[in-house]
Every structure is written in C-alpha cells, then in structure tokens.
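J.: Pasting a structure here, questions to come.
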Amino acid sequence: MTPDGRDAAEGETGELWIRGELIVTGYLDMPVESAALFSDGWLHTGDLGYRDNAGLVTLMGRSKEMFVQGGFNVYPIEVENVLLRHSDVLMVGGIGVPDPVLGEVGRYYVVPKPGTQPTAESLIDYCHMLLADYKVPRQIFFCNSLPMTPAGKIMKPGFWKSRRPRTSGREVGVLSHCCRKPLKSPGRSLPGQDTRRCPIYGTSR
C-alpha cells in the first residue's frame, strides 16, 4: 500500500499489509498503538517492497529505515546488499543522517573482512558502478564490529538513537566522503559534499 492508502502498482514500492485468521487485530489495552498499525483487519507490517509482473514480492527493507536524500527515497538494504558483494566487506549497516543541503544522506558502517584494508573511496567507486548516483553512500566508517541482536541482526534502532552506533574494539578507520580528501575519479563531486571541513569531527582532512 502507498502512504495515501492506495494499492501500489506493479513495480511501485509500498508497505506490505497482511491479514488472516492467525493475524491479531490489535494490541491489548493499547488503542493508540493499535490504530497506528491496524485498519479494517489489516496489519501494517512496516516492511517495504514491490510486486513484479509474476506477483512475486521483493522486500526493500523497513519503512523506518528509508530516508529521503535530495528528494529521492533511499532504502539502505539495497545499498548494503551491493556493499556486501564487495570482496573486502564482511558486514555493513546503513542509516540516513541529517544533511544541510540534501536533508538526509546515507552513512554506512563497514566491518572489513580479516586481512583486508578497503578504503572509503574504493567502496564508493564500487557503488558508483552498480547504483544510481543518489543511492551512493556519502559517508563510510570502518569498525571492528557492529552491535547485534540475539537473532544475529544488526541493531539498527541503536543507530537511530545515537546516529553513530557503539562498536566493540578499536575503530580501524574513519573516512567520510564529505571530507576534504577527493575521490579518485575526477568529476564525481556529489551534491552536499563539504570540501572544507569534516562535518563529523569538525577537523580538516
């Protein structure tokens, strides 16, 4: 379903609603929360996806994870899946963070594979080959590990609270795309790039 309550067209991203005999119709003694997540027997799952011409649904992530970068909707899971295909990346989690020019930009926390030393530029160049420009990460940070749930999922709610997750071990590298250091390929300066000072730490690079 689209935000205006319309059934999403084929190929159009919308929220997955489900109902059935085994689906609850609301929370006990929680009318406000129930009204936000249930309507006419439908459960609003918060999962975003689209339906192809065969009727199959492809999930794009959670509605809370989506951010708007320069007027375009960005789904972190799509970028994360691309980064995970890189030979040097073991784990990655992304969020949208405030930006004075674009509203929000993508920040991705990367755990490199043992024995590798990827750079932010190399990962950004890799994303440029596989993603539209507005989906390419603006900021990349390297960490030894990321906070995980008992089920083995990255704890993204912690990302939203702090905008920078607590990582275990030493942070092995920090390089933001918005810092002074330019991309390897000329002519790839992105909207919102700060060429003077790093907006994260406030120091020139």
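Scheme for the structure tokens: letters A, B, ... for chains in order shown; per-chain residue numbers from 1; ligand numbers from 1 in order shown.
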Write out as a count of residues only each polymer residue whose atoms come within 8 Å of range 69-82 of chain A, counting only C-alpha atoms; drop sequence neighbours fewer than 4 positions from it.

T.: 21

J.: Report as a list in words all protein, DNA and RNA residues lying within 7 Å of range 7-15 of chain A, evaluated on only C-alpha atoms, omitting residues in the same chain fewer than 4 positions from it.

T.: Met1, Thr2, Gly46, Asp47, Leu48, Gly49, Tyr50, Arg51, Asp52 and Asn53 of chain A

J.: CA of Asp99 in chain A and CA of Gln139 in chain A are how many Å apart?

T.: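 Rounded to one decimal, the two atoms are 11.2 Å apart.
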
J.: Can you work out which one of A:Phe141, A:Trp42, A:Phe67, A:Trp17 has the shortest atom-to-atom distance to Glu121 in chain A, counting only C-alpha atoms?

T.: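 When distances to Glu121 in chain A are compared using only C-alpha atoms, the smallest one comes from A:Phe141.
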
J.: Pick the closest to Arg19 in chain A from A:Thr119, A:Arg6, A:Thr45, A:Glu33: which is it, counting only C-alpha atoms?

T.: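 For Arg19 in chain A, the nearest of the given residues is A:Thr45.
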
J.: Check range 13-112 of chain A with DSSP on the backbone and list each residue it calls helix (DSSP H, G or I), as a PyMOL selection string.

T.: chain A and resi 31-37+76-84

J.: CA of Asn144 in chain A and CA of Arg85 in chain A, how far apart in Å?

T.: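 Answer for the CA of Arg85 in chain A to CA of Asn144 in chain A separation: 18.6 Å.
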
J.: Quote the spacing between CA of Ser145 in chain A and CA of Met66 in chain A in Å to one decimal place.

T.: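 Separating CA of Ser145 in chain A from CA of Met66 in chain A is a distance of 22.8 Å.
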